[in-house]
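Student: There's a structure below that I have some questions on.
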Amino acid sequence: METKEPASSIDPQHQLPPATTPHKSGWQRLFVWAALLLTFAVIFYLVLRHHDDTQSAAPSSRRAVTGPVTITAAVAQKGNIPVYLAAIGTVTPVYTDSITSEVTGLVSKVYYKEGQLVRKGEALIDIDARPFEAQLMQAEGALERDTNVLAQAKMDLQRYRDAWARNAIPKQTLDDQEKIVLQDQGTVKNDEGTVRYDKVQVGFCHITAPIPGRVGLRLVDPGNVVQANGTTPLVVVTEIQPITVIFTLAEDNLPQVEAQTRQGKRLDVLALDRSQQTKLATGKLLTFDNQIDTTTGTVKMRGIFDNKDGALFPNQFVNTKLLVDTLQGVTLIPSAAIQQNGQTSFVYLIQNDTAQIRNIKVGVTDAGQTAVTGINPADMVATSSFEKLQNGAKIVIAKQPPPAASPGSQSP
């Protein structure tokens, strides 16, 4: 008996593709993504490895020293160092006179030259005094006339007194004559005042220097008419010897200054130029203000200087240093030897031809020297080649400082 297979219910023309086709496409995409990720990971690793090699090679090349480091060195000294309070100040003359005319008149002569140094009482300007001399002559004439009138009245008074003693005149006549004498005395006194006033006016026509100092630029010329009590000065005279400097200090420093002045000490004041490299003059603290400026928390100080060489000029800006103390017997090293590591100060201490890092505490600095603690006098410290030095490095001390690198060269 022949067995027949059952007929398929699916049309051969509508059969699905093989089951392996979709799975094969998904695995291909997964393989591509995995290959890309692996490639990126390898590239990233190689980049990081190259960066680490470069970083490790750079410091090693900077620190690589083929032999001992050549340095210059200095020996710590035991000594004294001044303590200064620094401030900025302005040169201010003791006196500055802006001279104006007290009379109205014509300028007849100008004696001074611009920028000239003048002495007290030296002639500066003349104003035509002839009108005032004429007024003075009139006043003197009136005084002479009234003086003689007074003398006549006094003679009459004496006659009346003699006559009254003989009962030759009434008492009223004598009394009237006494009052006439008093009136004439008042007239004479008034005339004397007029003469004195006119003499003063004549004196105003000859203007002299009220103080010694330097005159400024010429402000009037011969032939100009000046007005009495005008606002325009005829000449300005500024005293320059001595001269003062006004500077300000923080109110926190005031007790330190007062403690010194109460003991009768006159503190030294140094005047320096803008760069603080050149000392212009040395003077003394003269006084300080009687109140603190509440807006700035500072107090004004005034120092006085002889200024014999004229180094200080009125209204000049200067840096000042006020000496308030002197530290005795401290350890001093060159400021160039001190290095910083964050908030820590240190030096390279030279021992047995080896540089050793030694932490220190920094104190007062002045004139390139710094007071320190942490090392002892006679210790030797490095003052150069810090870019090559490290703890424990072998060193060679040079007699002269090593030459500076050329502008085109790179530091190791």
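Quick note on naming: the chains in the structure tokens go A, B, ... in the order shown, residues restart at 1 in each chain, and ligands are numbered from 1 in order of appearance.
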Could you give me the residues within stretch 180-378 of chain A that DSSP places in helix (DSSP H, G or I), as a compact mmCIF listing (two decimals) with C-alpha atoms, in the first residue's frame?
Tutor:
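Saved to selection-v9.txt:
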```txt
# COMPACT_ATOMS: atom_id res chain seq x y z
CA ILE A 180 40.45 174.74 71.59
CA VAL A 181 43.86 173.33 72.51
CA LEU A 182 42.36 169.87 72.91
CA GLN A 183 40.66 170.13 69.52
CA ASP A 184 43.90 171.17 67.86
CA GLN A 185 45.68 168.24 69.49
CA GLY A 186 43.11 165.88 67.95
CA THR A 187 43.62 167.49 64.55
CA VAL A 188 47.36 167.01 64.78
CA LYS A 189 46.97 163.36 65.75
CA ASN A 190 44.67 162.80 62.78
CA ASP A 191 47.26 164.41 60.50
CA GLU A 192 49.96 162.16 61.90
CA GLY A 193 47.84 159.10 61.11
CA THR A 194 47.33 160.31 57.55
CA VAL A 195 51.07 160.77 57.11
CA ARG A 196 51.78 157.27 58.40
CA TYR A 197 49.15 155.77 56.08
CA ASP A 198 50.57 157.58 53.05
CA LYS A 199 54.06 156.39 53.94
CA VAL A 200 52.76 152.82 53.99
CA GLN A 201 51.18 153.32 50.58
CA VAL A 202 54.49 154.58 49.23
CA GLY A 203 56.19 151.51 50.74
CA PHE A 204 53.72 149.23 48.97
CA GLU A 251 46.53 104.28 61.69
CA ASP A 252 47.80 100.89 62.95
CA ASN A 253 51.36 102.26 62.74
CA LEU A 254 50.60 105.42 64.70
CA PRO A 255 51.21 103.91 68.20
CA GLN A 256 54.65 102.75 67.08
CA VAL A 257 55.54 106.27 65.93
CA GLU A 258 54.07 107.93 69.02
CA ALA A 259 56.04 105.62 71.31
CA GLN A 260 59.26 106.86 69.72
CA THR A 261 58.37 110.55 69.71
CA ARG A 262 57.26 110.51 73.35
CA SER A 335 67.31 88.59 49.54
CA ALA A 336 68.19 86.87 46.23
CA ALA A 337 68.95 83.64 48.12
```
Student: Using DSSP on the backbone, list every residue of stretch 67-267 of chain A that comes out as strand (DSSP E), and give them as a PyMOL selection string.
Tutor: chain A and resi 69-71+73-75+77-93+96-99+105-110+117-118+123-127+206-208+213-215+225-226+235-238+243-250
Student: For A:Gly310, list every protein, DNA or RNA residue within 8 Å, evaluated using only C-alpha atoms, and leave out those in the same chain fewer than 2 positions away; present the list as a list of chain:residue names.
Tutor: A:Ile240, A:Gln241, A:Asn307, A:Lys308, A:Leu312, A:Phe313
Student: Which one is closest to A:Leu217: A:Gln138, A:Thr238, A:Thr100, A:Thr39? Count only C-alpha atoms.
Tutor: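 Using only C-alpha atoms, the shortest distance to A:Leu217 belongs to A:Thr238.
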Student: Go through A:Ile246, A:Ala311, A:Val330, A:Val372 and flag the residue nearest A:Val299, using only C-alpha atoms for the distances.
Tutor: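 Residue with the minimum atom-to-atom distance to A:Val299: A:Ile246.
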Student: Tell me, as an MDAnalysis selection string, which residues lie within 9 Å of stretch 208-214 of chain A, counting only C-alpha atoms; anything in the same chain fewer than 6 positions away does not count.
Tutor: chainID A and resid 95:97 99 114:126 236:241
